[in-house]
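File shown: target33.txt. Contents: compact mmCIF, C-alpha atoms.
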```
# COMPACT_ATOMS: atom_id res chain seq x y z
CA MET A 1245 -19.75 35.07 31.06
CA LYS A 1246 -17.95 38.37 31.50
CA VAL A 1247 -15.50 39.98 29.07
CA VAL A 1248 -13.78 43.34 28.87
CA GLU A 1249 -14.60 45.48 25.85
CA GLN A 1250 -12.72 48.52 24.68
CA ILE A 1251 -15.30 50.98 23.39
CA VAL A 1252 -13.24 54.12 22.64
CA TYR A 1253 -9.62 55.18 22.20
CA GLY A 1254 -8.45 57.67 24.76
CA GLU A 1255 -8.22 57.84 28.54
CA PRO A 1256 -7.33 54.24 29.52
CA HIS A 1257 -9.57 53.83 32.60
CA SER A 1258 -12.68 55.08 30.77
CA SER A 1259 -12.02 53.28 27.48
CA VAL A 1260 -13.09 49.83 28.75
CA HIS A 1261 -16.06 48.25 30.47
CA CYS A 1262 -17.09 44.78 31.64
CA VAL A 1263 -20.00 43.19 29.75
CA GLU A 1264 -21.92 39.92 29.75
CA VAL A 1265 -21.69 37.79 26.60
CA ASP A 1266 -22.62 34.24 25.63
CA ASP A 1267 -20.48 31.42 26.97
CA PRO A 1268 -18.03 30.08 24.32
CA GLY A 1269 -19.80 26.72 24.25
CA ALA A 1270 -18.27 23.29 23.67
CA PRO A 1271 -14.96 22.97 21.85
CA GLY A 1272 -14.99 21.89 18.23
CA ARG A 1273 -12.55 19.57 16.52
CA GLY A 1274 -9.00 20.62 17.38
CA GLU A 1275 -10.17 23.18 19.93
CA LEU A 1276 -9.97 23.81 23.67
CA VAL A 1277 -12.10 25.82 26.05
CA ILE A 1278 -10.02 27.53 28.71
CA GLU A 1279 -10.80 29.52 31.85
CA ILE A 1280 -8.56 32.55 32.42
CA GLU A 1281 -7.02 32.57 35.89
CA ALA A 1282 -5.23 35.92 35.67
CA PHE A 1283 -4.08 38.56 33.23
CA PRO A 1284 -1.72 41.51 33.73
CA ILE A 1285 -2.24 45.04 32.47
CA ASN A 1286 1.00 45.92 30.69
CA PRO A 1287 2.27 49.29 29.43
CA ALA A 1288 1.62 48.06 25.88
CA ASP A 1289 -2.01 47.35 26.85
CA VAL A 1290 -2.34 50.91 28.16
CA LEU A 1291 -0.84 52.30 24.94
CA ALA A 1292 -3.28 50.18 22.92
CA LEU A 1293 -6.22 51.60 24.88
CA GLU A 1294 -4.94 55.09 24.10
CA GLY A 1295 -4.66 54.24 20.40
CA LYS A 1296 -0.87 54.71 20.47
CA TYR A 1297 0.28 51.14 19.89
CA ALA A 1298 1.28 49.31 16.71
CA THR A 1299 -2.28 48.48 15.65
CA ARG A 1300 -5.60 50.29 16.05
CA PRO A 1301 -8.33 47.70 15.43
CA PRO A 1302 -11.96 48.70 14.86
CA LEU A 1303 -14.01 48.94 18.05
CA PRO A 1304 -15.39 47.36 20.14
CA VAL A 1305 -12.52 44.95 20.74
CA VAL A 1306 -11.42 42.65 23.56
CA PRO A 1307 -7.94 43.75 24.75
CA GLY A 1308 -5.17 41.79 26.38
CA ALA A 1309 -1.84 40.44 25.17
CA GLU A 1310 -1.32 37.69 27.77
CA SER A 1311 -2.82 35.56 30.51
CA VAL A 1312 -2.66 32.17 32.16
CA ALA A 1313 -5.53 29.70 32.06
CA ARG A 1314 -6.80 26.22 32.91
CA VAL A 1315 -8.24 23.83 30.33
CA LEU A 1316 -11.99 23.34 30.89
CA ALA A 1317 -12.83 21.12 27.90
CA VAL A 1318 -10.93 19.32 25.13
CA GLY A 1319 -12.31 18.87 21.62
CA ALA A 1320 -11.98 15.90 19.31
CA GLU A 1321 -8.58 15.15 17.75
CA VAL A 1322 -6.74 17.24 20.33
CA GLN A 1323 -3.65 15.48 21.64
CA GLY A 1324 -1.39 16.41 24.52
CA PHE A 1325 -3.96 18.35 26.55
CA ALA A 1326 -6.30 17.30 29.35
CA VAL A 1327 -8.89 19.01 31.50
CA GLY A 1328 -7.11 20.84 34.31
CA ASP A 1329 -3.87 21.50 32.40
CA ARG A 1330 -2.45 24.97 32.87
CA VAL A 1331 -1.74 26.82 29.63
CA ILE A 1332 -0.51 30.17 28.33
CA PRO A 1333 -2.56 31.48 25.39
CA LEU A 1334 -0.44 32.70 22.47
CA SER A 1335 -3.29 34.69 20.92
CA ARG A 1336 -4.60 38.06 22.06
CA ALA A 1337 -8.07 39.04 23.41
CA ASN A 1338 -7.31 37.64 26.86
CA TRP A 1339 -9.36 39.98 29.08
CA VAL A 1340 -12.17 37.44 29.43
CA GLN A 1341 -13.40 34.78 31.84
CA ARG A 1342 -13.37 31.97 29.27
CA LYS A 1343 -12.50 31.51 25.62
CA ARG A 1344 -12.51 28.86 22.92
CA LEU A 1345 -9.46 28.58 20.72
CA ARG A 1346 -7.39 26.15 18.67
CA ALA A 1347 -5.07 23.85 20.59
CA GLN A 1348 -2.04 25.22 18.75
CA GLU A 1349 -2.85 28.66 20.16
CA VAL A 1350 -1.73 27.66 23.67
CA VAL A 1351 1.40 26.30 25.30
CA LYS A 1352 1.07 23.88 28.21
CA VAL A 1353 3.14 24.89 31.25
CA PRO A 1354 3.95 23.13 34.53
CA LEU A 1355 2.30 24.22 37.75
CA ALA A 1356 3.79 27.34 39.32
CA ASP A 1357 2.59 30.62 40.83
CA PRO A 1358 -0.32 31.55 38.52
CA LEU A 1359 0.26 35.31 38.82
CA GLN A 1360 3.86 34.87 37.73
CA LEU A 1361 2.79 32.60 34.87
CA ALA A 1362 0.22 35.21 33.76
CA MET A 1363 3.15 37.60 33.20
CA LEU A 1364 5.42 35.06 31.48
CA LYS A 1365 4.43 35.27 27.82
CA VAL A 1366 5.55 38.83 27.09
CA ASN A 1367 8.17 40.36 29.39
CA PRO A 1368 10.45 37.43 30.31
CA ALA A 1369 10.32 36.07 26.76
CA THR A 1370 11.13 39.52 25.36
CA ALA A 1371 14.06 39.89 27.76
CA TYR A 1372 15.42 36.42 27.04
CA LEU A 1373 15.26 36.74 23.26
CA MET A 1374 16.83 40.21 23.23
CA LEU A 1375 19.67 39.00 25.46
CA THR A 1376 20.42 35.89 23.44
CA ARG A 1377 19.72 36.81 19.82
CA TYR A 1378 21.64 39.97 18.91
CA ALA A 1379 25.06 39.96 20.60
CA GLU A 1380 27.51 37.23 21.52
CA LEU A 1381 27.59 37.89 25.23
CA ARG A 1382 30.60 36.64 27.17
CA ALA A 1383 30.93 36.10 30.90
CA GLY A 1384 31.59 39.44 32.53
CA ASP A 1385 30.14 41.54 29.69
CA LEU A 1386 27.95 44.53 30.50
CA VAL A 1387 24.42 44.99 29.20
CA ILE A 1388 22.90 48.46 29.50
CA GLN A 1389 19.15 49.14 29.52
CA ASN A 1390 16.72 51.97 30.22
CA ALA A 1391 13.31 51.58 31.89
CA ALA A 1392 15.19 49.16 34.12
CA ASN A 1393 12.37 49.11 36.68
CA SER A 1394 9.89 47.76 34.12
CA GLY A 1395 8.76 44.15 33.86
CA VAL A 1396 11.18 43.54 30.99
CA GLY A 1397 13.90 45.41 32.86
CA LEU A 1398 13.61 43.22 35.94
CA ALA A 1399 13.73 40.12 33.74
CA VAL A 1400 16.84 41.44 31.98
CA ILE A 1401 18.58 41.89 35.34
CA ALA A 1402 17.76 38.34 36.43
CA LEU A 1403 18.48 36.65 33.11
CA ALA A 1404 21.69 38.54 32.40
CA ARG A 1405 23.04 37.48 35.79
CA ARG A 1406 22.08 33.90 34.92
CA LEU A 1407 24.13 34.27 31.70
CA GLY A 1408 27.13 35.51 33.68
CA CYS A 1409 26.76 39.14 32.58
CA ARG A 1410 26.48 42.37 34.53
CA THR A 1411 23.83 45.05 34.02
CA VAL A 1412 23.94 48.83 33.81
CA ASN A 1413 20.44 50.05 34.59
CA VAL A 1414 19.09 53.47 33.67
CA VAL A 1415 16.04 54.90 35.46
CA ARG A 1416 14.30 58.26 35.83
CA ARG A 1417 14.35 58.53 39.64
CA GLU A 1418 17.09 58.04 42.20
CA SER A 1419 14.56 56.47 44.58
CA LEU A 1420 14.49 53.34 42.38
CA ALA A 1421 18.16 52.53 42.83
CA ALA A 1422 18.02 50.67 46.15
CA ASP A 1423 15.24 48.35 45.07
CA LEU A 1424 16.97 47.50 41.80
CA THR A 1425 20.26 46.86 43.56
CA ALA A 1426 18.45 44.53 45.95
CA ARG A 1427 17.15 42.62 42.91
CA GLY A 1428 20.65 42.12 41.50
CA ALA A 1429 21.34 45.24 39.42
CA ASP A 1430 25.10 45.82 39.25
CA HIS A 1431 24.96 49.54 38.41
CA VAL A 1432 22.04 51.99 38.52
CA PHE A 1433 22.12 55.49 36.99
CA VAL A 1434 19.55 58.23 36.67
CA ASP A 1435 19.21 59.19 33.01
CA GLY A 1436 20.62 62.52 31.90
CA PRO A 1437 22.72 64.27 29.23
CA ASP A 1438 26.02 63.13 30.78
CA LEU A 1439 24.99 59.48 31.13
CA ALA A 1440 27.81 58.09 28.98
CA HIS A 1441 30.46 59.97 30.98
CA ARG A 1442 29.09 58.72 34.32
CA VAL A 1443 28.73 55.14 33.08
CA ARG A 1444 32.25 54.93 31.65
CA GLU A 1445 33.67 56.59 34.75
CA ALA A 1446 32.16 53.73 36.76
CA VAL A 1447 32.93 50.76 34.48
CA GLY A 1448 36.05 51.93 32.65
CA ASP A 1449 36.65 50.29 29.28
CA ALA A 1450 34.71 47.12 30.15
CA ARG A 1451 33.10 45.43 27.14
CA MET A 1452 29.48 46.56 26.67
CA PRO A 1453 28.15 45.04 23.42
CA LEU A 1454 24.38 45.31 23.98
CA ALA A 1455 21.90 48.05 24.86
CA ILE A 1456 18.18 47.39 25.42
CA ASP A 1457 15.96 50.41 24.80
CA ALA A 1458 12.31 50.76 25.84
CA VAL A 1459 12.13 54.56 25.68
CA ALA A 1460 13.41 55.67 22.23
CA GLY A 1461 14.15 59.36 21.65
CA ALA A 1462 17.19 60.90 23.29
CA SER A 1463 17.39 58.08 25.82
CA CYS A 1464 18.15 55.67 22.97
CA MET A 1465 20.94 58.00 21.86
CA ARG A 1466 22.49 58.04 25.33
CA LEU A 1467 22.51 54.24 25.51
CA ALA A 1468 24.28 54.10 22.15
CA GLU A 1469 26.93 56.49 23.45
CA CYS A 1470 27.76 54.04 26.25
CA LEU A 1471 28.34 51.01 24.01
CA SER A 1472 31.64 49.50 23.00
CA ASP A 1473 32.56 49.63 19.31
CA ASP A 1474 30.39 47.42 17.08
CA GLY A 1475 27.73 47.24 19.78
CA ILE A 1476 24.02 46.98 19.07
CA VAL A 1477 20.98 48.83 20.41
CA VAL A 1478 17.80 46.74 20.48
CA ASN A 1479 14.71 48.96 20.67
CA TYR A 1480 11.50 47.30 21.85
CA GLY A 1481 9.42 50.22 23.13
CA LEU A 1482 8.34 53.81 22.57
CA LEU A 1483 7.69 55.14 26.07
CA SER A 1484 8.89 58.63 25.14
CA GLY A 1485 6.74 58.79 22.02
CA ASP A 1486 9.76 60.11 20.11
CA PRO A 1487 11.74 58.52 17.25
CA CYS A 1488 14.87 56.56 18.09
CA ILE A 1489 18.01 58.69 17.84
CA VAL A 1490 21.52 57.41 17.19
CA HIS A 1491 24.17 59.98 16.20
CA PRO A 1492 26.02 59.32 12.93
CA ASP A 1493 29.38 59.36 14.73
CA ARG A 1494 28.19 56.27 16.64
CA THR A 1495 27.06 54.42 13.52
CA VAL A 1496 29.81 55.57 11.13
CA PHE A 1497 32.91 55.72 13.32
CA HIS A 1498 32.04 53.16 16.01
CA GLY A 1499 29.92 50.63 14.12
CA ILE A 1500 26.90 50.93 16.40
CA ARG A 1501 23.75 49.32 14.97
CA LEU A 1502 20.08 49.86 15.82
CA VAL A 1503 17.48 47.08 15.42
CA GLY A 1504 13.88 46.68 16.51
CA PHE A 1505 12.25 43.82 18.42
CA TRP A 1506 8.54 43.02 18.70
CA LEU A 1507 7.50 39.75 20.30
CA ALA A 1508 4.22 39.71 18.36
CA ARG A 1509 6.26 39.20 15.18
CA GLU A 1510 8.64 36.68 16.71
CA LEU A 1511 6.30 34.13 18.25
CA PRO A 1512 4.25 33.24 15.13
CA ALA A 1513 7.46 32.61 13.18
CA MET A 1514 8.99 30.36 15.85
CA PRO A 1515 8.89 26.57 15.28
CA ARG A 1516 6.60 24.80 17.73
CA ASP A 1517 9.38 22.81 19.39
CA ARG A 1518 11.44 25.95 19.96
CA LEU A 1519 8.41 27.80 21.31
CA GLU A 1520 7.67 25.05 23.81
CA SER A 1521 11.34 24.88 24.80
CA LEU A 1522 11.46 28.66 25.37
CA TYR A 1523 8.50 28.67 27.75
CA ALA A 1524 9.53 25.48 29.52
CA GLN A 1525 12.86 27.13 30.27
CA LEU A 1526 11.18 30.33 31.48
CA VAL A 1527 8.76 28.42 33.71
CA GLY A 1528 11.73 26.67 35.27
CA LEU A 1529 13.19 30.09 36.09
CA VAL A 1530 9.88 31.11 37.68
CA ARG A 1531 9.83 27.97 39.78
CA ASP A 1532 13.39 28.43 41.05
CA GLY A 1533 12.80 32.13 41.80
CA THR A 1534 15.09 33.57 39.12
CA ILE A 1535 12.12 35.32 37.52
CA ALA A 1536 9.90 36.96 40.14
CA THR A 1537 7.96 40.02 39.03
CA PRO A 1538 6.51 42.01 41.96
CA VAL A 1539 2.73 42.37 42.11
CA GLU A 1540 1.17 45.48 43.61
CA ALA A 1541 -2.53 44.60 43.35
CA THR A 1542 -5.12 42.30 41.86
CA TYR A 1543 -8.67 43.24 40.83
CA PRO A 1544 -11.84 41.39 39.84
CA ILE A 1545 -12.88 41.74 36.22
CA GLU A 1546 -15.88 43.85 37.22
CA GLU A 1547 -13.46 46.58 38.38
CA ILE A 1548 -11.53 46.74 35.11
CA GLY A 1549 -11.69 50.54 34.91
CA ALA A 1550 -10.07 50.91 38.33
CA ALA A 1551 -7.49 48.25 37.47
CA VAL A 1552 -6.51 50.00 34.24
CA GLY A 1553 -6.31 53.35 36.02
CA HIS A 1554 -4.02 51.80 38.64
CA ALA A 1555 -1.82 50.20 35.97
CA ALA A 1556 -1.47 53.54 34.18
CA ARG A 1557 0.06 55.25 37.24
CA GLU A 1558 3.71 56.16 36.81
CA GLN A 1559 4.98 55.46 40.32
CA ARG A 1560 3.91 51.91 41.08
CA ARG A 1561 5.94 49.28 42.89
CA GLY A 1562 4.57 46.23 41.13
CA LYS A 1563 2.31 44.91 38.42
CA VAL A 1564 -1.47 45.17 38.40
CA LEU A 1565 -3.36 42.00 37.45
CA VAL A 1566 -6.98 40.95 37.09
CA THR A 1567 -8.29 37.57 38.28
CA PRO A 1568 -11.51 37.27 36.24
CA ASN A 1569 -12.78 34.08 37.87
CA GLY A 1570 -11.97 34.96 41.46
CA PRO A 1571 -8.80 35.08 43.57
CA VAL A 1572 -6.00 32.61 42.82
CA ASP A 1573 -3.62 30.92 45.22
CA SER A 1574 -0.41 32.88 44.73
CA ALA A 1575 2.75 33.77 46.61
CA SER A 1576 3.34 36.85 44.44
CA LEU A 1577 1.48 39.33 46.61
CA ALA A 1578 3.52 38.27 49.61
CA SER A 1579 6.84 38.84 47.87
CA SER A 1580 8.97 41.83 48.74
CA PRO A 1581 7.96 44.89 46.73
CA ALA A 1582 10.12 46.31 43.99
CA PRO A 1583 9.44 48.84 41.26
CA ALA A 1584 7.78 47.80 38.02
CA SER A 1585 5.96 49.45 35.17
```
For the structure just supplied, provide its representation as structure tokens.
Amino acid sequence: MKVVEQIVYGEPHSSVHCVEVDDPGAPGRGELVIEIEAFPINPADVLALEGKYATRPPLPVVPGAESVARVLAVGAEVQGFAVGDRVIPLSRANWVQRKRLRAQEVVKVPLADPLQLAMLKVNPATAYLMLTRYAELRAGDLVIQNAANSGVGLAVIALARRLGCRTVNVVRRESLAADLTARGADHVFVDGPDLAHRVREAVGDARMPLAIDAVAGASCMRLAECLSDDGIVVNYGLLSGDPCIVHPDRTVFHGIRLVGFWLARELPAMPRDRLESLYAQLVGLVRDGTIATPVEATYPIEEIGAAVGHAAREQRRGKVLVTPNGPVDSASLASSPAPAS
């Protein structure tokens, strides 16, 4: 079977190649064998290939934070799974055609668009948990975020609206505004030194208790300046490569707090029933169209270098995914395009 191996840290498109390895074989006691239908190439995957992410494992290594798969074989003493079930792997190393893993390392999900399900584990779950864990959001509250055109950003827009909240969305280019507005963004601003003035001029003294920061650096500081007193900034990314900045006048005089969020720490600590409930709820939102991440292109696994290069481009209008076992039946590519990163 084919797998993707990362062989160096550096330029993303040249850091990986597709190789043939032995098939995983039959499942052992408590195990499943799954066939990967699709996996996305996320910004965090690109950072990992560059050696700029949270961990830097010894090479070669199989990359990939998420995917969607079908069960091919079920081992002894496994309950609740059958051949043909669709599952989301909770473990990493997903850029493969097939893999063998413990049954507790996957979550069974109902049938839905496989490309959307391939993108469900990380971005929608991150958005949902950040929206619901840190601030007591009330109907009509404002949530501000940067990198609003990212996969997490699009999920925040959709989920915040579902919670009865409005979103203030910060981007780097004016050209992104129309697409985000069409997807339900209430306000869109281009980032800049006077962001707080422009935001408050538009929304007045409306309650804004939560900021969601993917960029860090000065952009984090500008989000904090927009918040209402006692608000909280949740940082989940480092797109700028700079440390998070929050001025002391925000923390001391206005009670602004800064916390970090990393899904890779959250999922292993989550009780199984809560984990299953989280993804069941998110799949329901995929099926009713609330969560719909645009897809720009799909690639076969043999073209992984080209796929990674495409995913690393700054000005895309959708996600890049790989379908390692051939094309899948999906409505995602036919959906209207919108920006994503």
### Message
Under the rule that all atoms listed in the file are counted, which of A:Asp1474, A:Asp1493, A:Glu1547, A:Glu1349 is the nearest residue to Val1277 in chain A?
### Response
A:Glu1349
### Message
List the spatial neighbours of Phe1433 in chain A as an NGL selection string - criterion: any atom at most 7 Å away, all atoms listed in the file, same-chain residues fewer than 2 positions off excluded.
### Response
:A and (1413-1415 or 1431 or 1435)
### Query
Can you tell me how far CA of Ala1270 in chain A sits from CA of Pro1304 in chain A, in Å to one decimal?
24.5 Å
### Query
Distance CA of Ala1460 in chain A-CA of Leu1420 in chain A, one decimal place?
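Between CA of Ala1460 in chain A and CA of Leu1420 in chain A the gap is 20.3 Å.
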### Message
Just want the 12 Å neighbourhood of range 1405-1410 of chain A, counted on all atoms listed in the file, with same-chain residues fewer than 6 positions away dropped. Output as an NGL selection string.
### Response
:A and (1372 or 1375-1376 or 1380-1389 or 1398-1399 or 1425 or 1427-1432 or 1447 or 1450-1454 or 1526 or 1529 or 1532-1535)
### Query
With all atoms listed in the file as the basis for distance, which of A:Asp1266, A:Glu1275, A:Glu1249, A:Asp1573 is at the shortest distance from Ile1548 in chain A?
A:Glu1249
Output file: range 1372-1401 of chain A, N, CA and C atoms, as a PDB file, in the first residue's frame:
```
ATOM      1  N   TYR A1372     -15.913  24.979  17.871  1.00  0.00           N
ATOM      2  CA  TYR A1372     -17.010  24.730  18.818  1.00  0.00           C
ATOM      3  C   TYR A1372     -16.523  24.825  20.265  1.00  0.00           C
ATOM      4  N   LEU A1373     -15.401  24.209  20.565  1.00  0.00           N
ATOM      5  CA  LEU A1373     -14.914  24.203  21.944  1.00  0.00           C
ATOM      6  C   LEU A1373     -14.463  25.593  22.377  1.00  0.00           C
ATOM      7  N   MET A1374     -13.841  26.351  21.490  1.00  0.00           N
ATOM      8  CA  MET A1374     -13.435  27.707  21.868  1.00  0.00           C
ATOM      9  C   MET A1374     -14.649  28.603  22.092  1.00  0.00           C
ATOM     10  N   LEU A1375     -15.700  28.405  21.324  1.00  0.00           N
ATOM     11  CA  LEU A1375     -16.900  29.222  21.483  1.00  0.00           C
ATOM     12  C   LEU A1375     -17.674  28.886  22.756  1.00  0.00           C
ATOM     13  N   THR A1376     -17.610  27.658  23.195  1.00  0.00           N
ATOM     14  CA  THR A1376     -18.486  27.226  24.286  1.00  0.00           C
ATOM     15  C   THR A1376     -17.785  27.078  25.632  1.00  0.00           C
ATOM     16  N   ARG A1377     -16.462  27.089  25.664  1.00  0.00           N
ATOM     17  CA  ARG A1377     -15.752  26.767  26.892  1.00  0.00           C
ATOM     18  C   ARG A1377     -15.339  27.986  27.714  1.00  0.00           C
ATOM     19  N   TYR A1378     -15.010  29.100  27.103  1.00  0.00           N
ATOM     20  CA  TYR A1378     -14.264  30.149  27.800  1.00  0.00           C
ATOM     21  C   TYR A1378     -15.100  31.356  28.221  1.00  0.00           C
ATOM     22  N   ALA A1379     -16.170  31.647  27.531  1.00  0.00           N
ATOM     23  CA  ALA A1379     -16.993  32.811  27.860  1.00  0.00           C
ATOM     24  C   ALA A1379     -18.450  32.393  27.883  1.00  0.00           C
ATOM     25  N   GLU A1380     -19.225  33.019  28.753  1.00  0.00           N
ATOM     26  CA  GLU A1380     -20.659  32.767  28.794  1.00  0.00           C
ATOM     27  C   GLU A1380     -21.331  33.662  27.754  1.00  0.00           C
ATOM     28  N   LEU A1381     -21.449  33.132  26.563  1.00  0.00           N
ATOM     29  CA  LEU A1381     -22.012  33.918  25.467  1.00  0.00           C
ATOM     30  C   LEU A1381     -23.526  34.017  25.611  1.00  0.00           C
ATOM     31  N   ARG A1382     -24.034  35.222  25.401  1.00  0.00           N
ATOM     32  CA  ARG A1382     -25.471  35.469  25.414  1.00  0.00           C
ATOM     33  C   ARG A1382     -25.938  35.795  24.006  1.00  0.00           C
ATOM     34  N   ALA A1383     -27.216  35.604  23.774  1.00  0.00           N
ATOM     35  CA  ALA A1383     -27.787  35.961  22.469  1.00  0.00           C
ATOM     36  C   ALA A1383     -27.486  37.426  22.167  1.00  0.00           C
ATOM     37  N   GLY A1384     -26.978  37.675  20.984  1.00  0.00           N
ATOM     38  CA  GLY A1384     -26.658  39.030  20.575  1.00  0.00           C
ATOM     39  C   GLY A1384     -25.237  39.457  20.857  1.00  0.00           C
ATOM     40  N   ASP A1385     -24.481  38.660  21.633  1.00  0.00           N
ATOM     41  CA  ASP A1385     -23.079  38.997  21.894  1.00  0.00           C
ATOM     42  C   ASP A1385     -22.271  38.977  20.604  1.00  0.00           C
ATOM     43  N   LEU A1386     -21.151  39.707  20.632  1.00  0.00           N
ATOM     44  CA  LEU A1386     -20.207  39.707  19.521  1.00  0.00           C
ATOM     45  C   LEU A1386     -18.995  38.851  19.859  1.00  0.00           C
ATOM     46  N   VAL A1387     -18.542  38.084  18.882  1.00  0.00           N
ATOM     47  CA  VAL A1387     -17.290  37.340  18.970  1.00  0.00           C
ATOM     48  C   VAL A1387     -16.383  37.872  17.869  1.00  0.00           C
ATOM     49  N   ILE A1388     -15.163  38.253  18.217  1.00  0.00           N
ATOM     50  CA  ILE A1388     -14.222  38.760  17.224  1.00  0.00           C
ATOM     51  C   ILE A1388     -13.145  37.718  16.981  1.00  0.00           C
ATOM     52  N   GLN A1389     -12.704  37.587  15.732  1.00  0.00           N
ATOM     53  CA  GLN A1389     -11.663  36.629  15.382  1.00  0.00           C
ATOM     54  C   GLN A1389     -10.817  37.187  14.240  1.00  0.00           C
ATOM     55  N   ASN A1390      -9.541  36.777  14.207  1.00  0.00           N
ATOM     56  CA  ASN A1390      -8.708  37.029  13.033  1.00  0.00           C
ATOM     57  C   ASN A1390      -8.575  35.734  12.226  1.00  0.00           C
ATOM     58  N   ALA A1391      -7.886  35.818  11.090  1.00  0.00           N
ATOM     59  CA  ALA A1391      -7.832  34.670  10.165  1.00  0.00           C
ATOM     60  C   ALA A1391      -9.232  34.134   9.909  1.00  0.00           C
ATOM     61  N   ALA A1392     -10.178  35.057   9.726  1.00  0.00           N
ATOM     62  CA  ALA A1392     -11.590  34.666   9.630  1.00  0.00           C
ATOM     63  C   ALA A1392     -11.899  33.867   8.386  1.00  0.00           C
ATOM     64  N   ASN A1393     -11.028  33.891   7.397  1.00  0.00           N
ATOM     65  CA  ASN A1393     -11.244  33.110   6.182  1.00  0.00           C
ATOM     66  C   ASN A1393     -10.657  31.710   6.268  1.00  0.00           C
ATOM     67  N   SER A1394     -10.117  31.340   7.426  1.00  0.00           N
ATOM     68  CA  SER A1394      -9.548  30.001   7.603  1.00  0.00           C
ATOM     69  C   SER A1394     -10.650  28.973   7.831  1.00  0.00           C
ATOM     70  N   GLY A1395     -10.268  27.709   7.872  1.00  0.00           N
ATOM     71  CA  GLY A1395     -11.241  26.660   8.159  1.00  0.00           C
ATOM     72  C   GLY A1395     -11.889  26.833   9.521  1.00  0.00           C
ATOM     73  N   VAL A1396     -11.087  27.148  10.538  1.00  0.00           N
ATOM     74  CA  VAL A1396     -11.655  27.422  11.860  1.00  0.00           C
ATOM     75  C   VAL A1396     -12.524  28.667  11.807  1.00  0.00           C
ATOM     76  N   GLY A1397     -12.055  29.697  11.102  1.00  0.00           N
ATOM     77  CA  GLY A1397     -12.803  30.941  11.021  1.00  0.00           C
ATOM     78  C   GLY A1397     -14.182  30.762  10.419  1.00  0.00           C
ATOM     79  N   LEU A1398     -14.276  29.982   9.356  1.00  0.00           N
ATOM     80  CA  LEU A1398     -15.579  29.735   8.737  1.00  0.00           C
ATOM     81  C   LEU A1398     -16.491  28.963   9.688  1.00  0.00           C
ATOM     82  N   ALA A1399     -15.905  28.023  10.433  1.00  0.00           N
ATOM     83  CA  ALA A1399     -16.710  27.280  11.411  1.00  0.00           C
ATOM     84  C   ALA A1399     -17.178  28.192  12.537  1.00  0.00           C
ATOM     85  N   VAL A1400     -16.326  29.121  12.974  1.00  0.00           N
ATOM     86  CA  VAL A1400     -16.737  30.071  14.014  1.00  0.00           C
ATOM     87  C   VAL A1400     -17.927  30.899  13.544  1.00  0.00           C
ATOM     88  N   ILE A1401     -17.888  31.376  12.311  1.00  0.00           N
ATOM     89  CA  ILE A1401     -19.003  32.166  11.781  1.00  0.00           C
ATOM     90  C   ILE A1401     -20.303  31.367  11.836  1.00  0.00           C
TER      91      ILE A1401
END
```
